[in-house]
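Peer 1: First the structure, which I've put down as structure tokens, then a few questions once you've had a look.
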Amino acid sequence: ILKTSNISGSVSEFILLGFPCRKEIQRLLFVLFSLIYLLTLMGNLSIICAVWSSRKLHKPMYILLANFSFLEICYVSSNVPKLLATIISQTKSISYAGCLLQFYFFFSMCAAECLFLSVMSFDRLLAIYRPLHYPTVMTHDLCAQLVVFCWAGGFLWLLTPLTLISQVPFCGPNTIDHFLCDLAPLLALSCAPVPGTTLTCGIISSLIIFLTFLYILGTYFCVLRVVLQVPSGSGRHKAFSTCTSHLAVVSLFYGSVMVMYVSPGSGDHPGMQKFVTLFYALATPFFNPLIYNFQNKDMKEALKNIPYVF
């Protein structure tokens, strides 16, 4: 898939422009992005450690959350280290194979995130809609199968786009006005028109976004109906509190992704493209552990037992 001879033409590497600006601003961006990256790693690692160390959290809901946090760590690590290197480096280059691998891993984990958010919404629906049947349906075996489905599904979903992009001829120029190997700026460098590849990749991207988003909307519509039937008081408050953190994460992620890939013309301006991509690539994984940690009482109690991590 990643052979560069013939198909890749004369291009053996790409130049990632990143954020071209004065050196003082670049140093500031480097420090800011490094700090956010480290805090993101610490925040998500704290969730994993809390779930691992507390027997009270050995439940499907928290097992899914721990896997989601591990996904976030892999997600930011697939692009931020290269972003930091691009900011301080003079060459700003990435090999042809490295560019395709970055595209594949970053967007595979993006697809896996969509699947995890869907599975987590299914878990909340089952817990609220069928509370008596929840322990017998959402077993640890089913939870493990759902986790494998999310990880495998994300990486399998991007195999077709990766294969198609590897067949695109690149013979120059090789400068990508972005901080990572995104689909649109990469295909824009093709030596020949590739409308079929662009259309196919666009359909595949839109499908995973829309199908999972519509499913999540459907599950929370059912949840809302059930919650509104619960007499006002602690029962309704508890039902709402278990869903608000997940809904906040869904809103952050899908809001930024849809601005990028669904809103007409949003990807045409490189500055806007970089800002929105930066938001869902760096800011969303940073806010996720904060949302879950502050919203969940059980998580806050478990975190108190591991102060050396968080």
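Residue numbers start at 1 in each chain; chains themselves are named A, B, ... in the order of the structure tokens; ligands are numbered from 1 in the order shown.
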Compile a residue-level contact table for range 61-148 of chain A against range 9-30 of chain A at a cut-off of 7 Å, reporting for every qualifying residue the shortest atom pair and its distance in Å to one decimal, with only C-alpha atoms counted, rows ordered by chain and ascending number, as a tab-separated table.
Peer 2:
```
residue	atom	partner	partner_atom	distance
A:Leu84	CA	A:Phe30	CA	6.0
A:Thr86	CA	A:Gly18	CA	6.4
A:Ile87	CA	A:Gln26	CA	6.2
A:Lys92	CA	A:Leu16	CA	5.6
A:Ser93	CA	A:Ile15	CA	4.4
A:Ile94	CA	A:Phe14	CA	5.3
A:Ser95	CA	A:Glu13	CA	4.0
A:Tyr96	CA	A:Glu13	CA	4.6
```
Peer 1: Using only C-alpha atoms, which residues sit within 10 Å of Ile209 in chain A once same-chain residues fewer than 3 positions away are excluded, as number ranges by chain?
Peer 2: A: 110-111, 114-115, 203-206, 212-214, 254, 257-258, 261-262
Peer 1: Write out the residues from the selection above, keeping N, CA and C atoms, as a compact mmCIF listing (two decimals), in the first residue's frame.
Peer 2:
```txt
# COMPACT_ATOMS: atom_id res chain seq x y z
N CYS A 110 -9.96 8.63 14.73
CA CYS A 110 -11.11 9.53 14.65
C CYS A 110 -12.39 8.70 14.43
N ALA A 111 -12.32 7.73 13.51
CA ALA A 111 -13.46 6.85 13.25
C ALA A 111 -13.77 5.98 14.47
N CYS A 114 -15.75 7.91 16.96
CA CYS A 114 -17.18 7.93 16.62
C CYS A 114 -17.87 6.66 17.11
N LEU A 115 -17.22 5.52 16.89
CA LEU A 115 -17.81 4.25 17.30
C LEU A 115 -17.88 4.13 18.82
N ILE A 203 -17.43 10.19 0.82
CA ILE A 203 -18.59 9.38 1.21
C ILE A 203 -18.26 8.52 2.43
N ILE A 204 -17.09 7.92 2.44
CA ILE A 204 -16.70 7.06 3.56
C ILE A 204 -16.59 7.88 4.85
N SER A 205 -16.00 9.08 4.75
CA SER A 205 -15.89 9.96 5.92
C SER A 205 -17.26 10.40 6.41
N SER A 206 -18.12 10.80 5.47
CA SER A 206 -19.45 11.28 5.84
C SER A 206 -20.30 10.18 6.47
N THR A 212 -23.07 7.45 12.94
CA THR A 212 -22.86 7.41 14.39
C THR A 212 -23.57 8.57 15.08
N PHE A 213 -23.53 9.76 14.45
CA PHE A 213 -24.18 10.92 15.05
C PHE A 213 -25.69 10.74 15.13
N LEU A 214 -26.29 10.23 14.06
CA LEU A 214 -27.74 9.99 14.06
C LEU A 214 -28.11 8.91 15.07
N TYR A 254 -18.36 16.20 17.67
CA TYR A 254 -19.12 16.26 16.42
C TYR A 254 -19.32 17.70 15.95
N VAL A 257 -16.04 18.52 14.10
CA VAL A 257 -15.86 17.68 12.91
C VAL A 257 -16.84 18.08 11.81
N MET A 258 -18.09 18.37 12.20
CA MET A 258 -19.09 18.73 11.19
C MET A 258 -18.84 20.12 10.60
N TYR A 261 -16.10 19.14 7.94
CA TYR A 261 -16.37 18.25 6.82
C TYR A 261 -17.80 18.34 6.26
N VAL A 262 -18.68 19.05 6.93
CA VAL A 262 -20.07 19.10 6.48
C VAL A 262 -20.47 20.50 6.02
```
Peer 1: So that each row is one residue of range 103-129 of chain A with an atom at most 12 Å from range 79-83 of chain A, can you give its shortest atom pair and the distance in Å to one decimal, using only C-alpha atoms, rows by chain and rising number, as a tab-separated table?
Peer 2:
```
residue	atom	partner	partner_atom	distance
A:Phe103	CA	A:Asn79	CA	9.1
A:Tyr104	CA	A:Asn79	CA	11.1
A:Phe105	CA	A:Asn79	CA	9.0
A:Phe106	CA	A:Asn79	CA	6.9
A:Phe107	CA	A:Asn79	CA	10.3
A:Met109	CA	A:Asn79	CA	11.2
A:Cys110	CA	A:Asn79	CA	11.7
```
Peer 1: Enumerate, as a list in words, the complete set of residues in range 59-235 of chain A that a backbone-based DSSP assignment places in strand (DSSP E).
Peer 2: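 For range 59-235 of chain A, the strand (DSSP E) set is Ser93, Ile94, Ser95, Thr175 and Ile176 of chain A.
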Peer 1: When you look at range 191-199 of chain A with a cut-off of 8 Å (counting only C-alpha atoms), what residues show up, excluding the ones that are within fewer than 2 positions of it in the same chain? I need them as JSON, numbers by chain.
Peer 2: {"A": [161, 164, 165, 168, 169, 170, 171, 172, 187, 189, 201, 202, 203]}
Peer 1: So that I can check the surroundings of range 39-47 of chain A, please list as a PyMOL selection string every protein, DNA and RNA residue that reaches within 12 Å of it, counting only C-alpha atoms and ignoring chain neighbours fewer than 3 positions away.
Peer 2: chain A and resi 32-36+50-54+57+62-77+80+281-294+296+298-310
Peer 1: For Leu156 in chain A, work out the shell of residues within 10 Å, counting only C-alpha atoms and skipping chain neighbours fewer than 4 positions away, then give it as a ChimeraX atom specification.
Peer 2: /A:108,111-112,150-152,160
Peer 1: Would you work out the distance separating CA of Val227 in chain A from CA of Pro131 in chain A, expressed in Å to one decimal?
Peer 2: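 Calculated distance between CA of Val227 in chain A and CA of Pro131 in chain A is 12.2 Å.
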Peer 1: Within 10 Å of range 121-127 of chain A, counting only C-alpha atoms, which residues show up once you throw out same-chain ones fewer than 5 positions away? Write them as an NGL selection string, please.
Peer 2: :A and (60-61 or 64 or 115-116 or 132-135 or 137-138 or 143 or 215-224 or 226 or 239 or 242-243 or 246-247 or 250)
Peer 1: Under the rule that only C-alpha atoms are counted, which of A:Asn174, A:Ser256, A:Thr136, A:Ser166 is the nearest residue to Ala188 in chain A?
Peer 2: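 The closest residue to Ala188 in chain A is A:Asn174.
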Peer 1: DSSP says helix (DSSP H, G or I) for which residues of range 59-247 of chain A? Put them as JSON, numbers by chain?
Peer 2: {"A": [60, 61, 62, 63, 64, 65, 66, 67, 68, 69, 70, 71, 72, 73, 74, 75, 76, 77, 80, 81, 82, 83, 84, 85, 86, 87, 88, 96, 97, 98, 99, 100, 101, 102, 103, 104, 105, 106, 107, 108, 109, 110, 111, 112, 113, 114, 115, 116, 117, 118, 119, 120, 121, 122, 123, 124, 125, 126, 127, 128, 129, 134, 135, 136, 137, 140, 141, 142, 143, 144, 145, 146, 147, 148, 149, 150, 151, 152, 153, 154, 155, 156, 157, 159, 160, 161, 162, 163, 164, 165, 166, 183, 184, 185, 186, 187, 195, 196, 197, 198, 199, 200, 201, 202, 203, 204, 205, 206, 207, 208, 209, 210, 211, 212, 213, 214, 215, 216, 217, 218, 219, 220, 221, 222, 223, 224, 225, 226, 227, 228, 229, 234, 235, 236, 237, 238, 239, 240, 241, 242, 243, 244, 245, 246, 247]}
Peer 1: May I have the selected residues written with C-alpha atoms, as a compact mmCIF listing (two decimals), in the first residue's frame?
Peer 2:
```txt
# COMPACT_ATOMS: atom_id res chain seq x y z
CA PRO A 60 -18.99 -1.62 31.63
CA MET A 61 -19.60 2.15 31.69
CA TYR A 62 -16.17 2.86 33.17
CA ILE A 63 -14.39 0.13 31.19
CA LEU A 64 -15.64 1.82 28.03
CA LEU A 65 -14.54 5.18 29.41
CA ALA A 66 -11.04 3.86 30.19
CA ASN A 67 -10.70 2.49 26.65
CA PHE A 68 -11.97 5.79 25.29
CA SER A 69 -9.30 7.61 27.33
CA PHE A 70 -6.61 5.28 25.99
CA LEU A 71 -7.89 6.02 22.49
CA GLU A 72 -7.57 9.76 23.22
CA ILE A 73 -3.94 9.26 24.26
CA CYS A 74 -3.19 7.42 20.99
CA TYR A 75 -5.23 10.00 19.08
CA VAL A 76 -3.26 13.05 20.21
CA SER A 77 0.04 11.15 20.02
CA VAL A 80 0.84 16.40 18.18
CA PRO A 81 4.50 15.24 18.41
CA LYS A 82 4.87 15.86 14.66
CA LEU A 83 3.09 19.21 15.07
CA LEU A 84 5.58 20.23 17.78
CA ALA A 85 8.49 19.06 15.63
CA THR A 86 7.14 21.04 12.68
CA ILE A 87 6.95 24.23 14.75
CA ILE A 88 10.57 24.13 15.90
CA TYR A 96 5.65 10.01 1.72
CA ALA A 97 5.09 6.80 3.70
CA GLY A 98 5.09 8.73 6.97
CA CYS A 99 2.43 11.09 5.62
CA LEU A 100 0.14 8.23 4.60
CA LEU A 101 0.68 6.48 7.94
CA GLN A 102 -0.12 9.66 9.85
CA PHE A 103 -3.30 10.10 7.80
CA TYR A 104 -4.29 6.47 8.39
CA PHE A 105 -3.66 6.34 12.14
CA PHE A 106 -5.11 9.78 12.92
CA PHE A 107 -8.34 9.30 10.99
CA SER A 108 -8.69 5.63 11.99
CA MET A 109 -8.72 6.72 15.60
CA CYS A 110 -11.11 9.53 14.65
CA ALA A 111 -13.46 6.85 13.25
CA ALA A 112 -12.90 4.68 16.35
CA GLU A 113 -13.87 7.68 18.49
CA CYS A 114 -17.18 7.93 16.62
CA LEU A 115 -17.81 4.25 17.30
CA PHE A 116 -16.85 4.53 20.98
CA LEU A 117 -19.19 7.48 21.48
CA SER A 118 -21.98 5.43 19.86
CA VAL A 119 -21.30 2.40 22.06
CA MET A 120 -21.16 4.59 25.19
CA SER A 121 -24.55 6.11 24.27
CA PHE A 122 -25.93 2.55 23.81
CA ASP A 123 -24.64 1.68 27.29
CA ARG A 124 -26.41 4.70 28.82
CA LEU A 125 -29.61 3.91 26.89
CA LEU A 126 -29.59 0.34 28.17
CA ALA A 127 -28.90 1.45 31.77
CA ILE A 128 -31.79 3.93 31.78
CA TYR A 129 -34.26 2.29 29.39
CA TYR A 134 -28.84 -4.08 32.25
CA PRO A 135 -26.60 -6.43 34.33
CA THR A 136 -27.65 -9.49 32.30
CA VAL A 137 -27.37 -7.78 28.90
CA HIS A 140 -18.19 -8.01 30.66
CA ASP A 141 -18.02 -10.30 27.61
CA LEU A 142 -20.32 -8.03 25.61
CA CYS A 143 -18.37 -5.00 26.81
CA ALA A 144 -15.11 -6.60 25.60
CA GLN A 145 -16.70 -7.41 22.23
CA LEU A 146 -17.88 -3.80 21.86
CA VAL A 147 -14.39 -2.51 22.66
CA VAL A 148 -12.85 -4.79 20.00
CA PHE A 149 -15.55 -3.71 17.54
CA CYS A 150 -14.70 -0.02 18.08
CA TRP A 151 -10.94 -0.45 17.71
CA ALA A 152 -11.10 -2.84 14.76
CA GLY A 153 -13.94 -0.94 13.07
CA GLY A 154 -12.05 2.34 13.12
CA PHE A 155 -8.92 0.91 11.51
CA LEU A 156 -10.81 -1.20 8.96
CA TRP A 157 -12.97 1.79 7.95
CA LEU A 159 -8.31 0.97 4.75
CA THR A 160 -10.15 1.92 1.54
CA PRO A 161 -9.23 5.65 1.70
CA LEU A 162 -5.61 4.72 2.49
CA THR A 163 -5.46 2.35 -0.49
CA LEU A 164 -6.99 4.94 -2.82
CA ILE A 165 -4.68 7.75 -1.67
CA SER A 166 -1.63 5.50 -2.11
CA LEU A 183 -7.32 14.46 3.07
CA ALA A 184 -8.24 17.64 1.18
CA PRO A 185 -4.81 19.37 1.13
CA LEU A 186 -3.15 16.06 0.28
CA LEU A 187 -5.39 15.32 -2.71
CA PRO A 195 -12.57 13.06 -8.59
CA GLY A 196 -13.33 9.37 -7.97
CA THR A 197 -10.91 9.17 -5.03
CA THR A 198 -12.17 12.47 -3.61
CA LEU A 199 -15.81 11.38 -3.87
CA THR A 200 -15.21 7.91 -2.40
CA CYS A 201 -13.16 9.22 0.52
CA GLY A 202 -15.75 11.92 1.14
CA ILE A 203 -18.59 9.38 1.21
CA ILE A 204 -16.70 7.06 3.56
CA SER A 205 -15.89 9.96 5.92
CA SER A 206 -19.45 11.28 5.84
CA LEU A 207 -20.94 7.84 6.49
CA ILE A 208 -19.04 7.22 9.72
CA ILE A 209 -19.81 10.74 10.95
CA PHE A 210 -23.50 10.83 10.06
CA LEU A 211 -24.41 7.24 10.94
CA THR A 212 -22.86 7.41 14.39
CA PHE A 213 -24.18 10.92 15.05
CA LEU A 214 -27.74 9.99 14.06
CA TYR A 215 -27.53 6.85 16.19
CA ILE A 216 -26.39 8.89 19.21
CA LEU A 217 -29.20 11.39 18.64
CA GLY A 218 -31.68 8.50 18.46
CA THR A 219 -30.44 6.90 21.68
CA TYR A 220 -30.60 10.17 23.59
CA PHE A 221 -34.07 10.90 22.25
CA CYS A 222 -35.16 7.59 23.79
CA VAL A 223 -33.26 8.39 27.00
CA LEU A 224 -34.95 11.80 27.23
CA ARG A 225 -38.38 10.23 26.84
CA VAL A 226 -37.68 7.80 29.68
CA VAL A 227 -36.11 10.42 31.95
CA LEU A 228 -39.07 12.79 31.53
CA GLN A 229 -41.37 10.00 32.72
CA SER A 234 -33.17 12.40 42.79
CA GLY A 235 -34.05 9.72 40.24
CA ARG A 236 -34.38 12.18 37.37
CA HIS A 237 -31.31 14.12 38.50
CA LYS A 238 -29.19 10.94 38.63
CA ALA A 239 -30.38 9.90 35.17
CA PHE A 240 -29.52 13.30 33.74
CA SER A 241 -26.14 13.46 35.47
CA THR A 242 -25.01 10.12 33.97
CA CYS A 243 -25.65 11.47 30.46
CA THR A 244 -24.62 15.13 30.58
CA SER A 245 -20.87 14.45 30.53
CA HIS A 246 -21.19 12.10 27.55
CA LEU A 247 -23.41 14.59 25.71
```
Peer 1: Between CA of His58 in chain A and CA of Ser78 in chain A, measure the distance and give it in Å to one decimal.
Peer 2: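 Between these atoms lies a distance of 28.4 Å.
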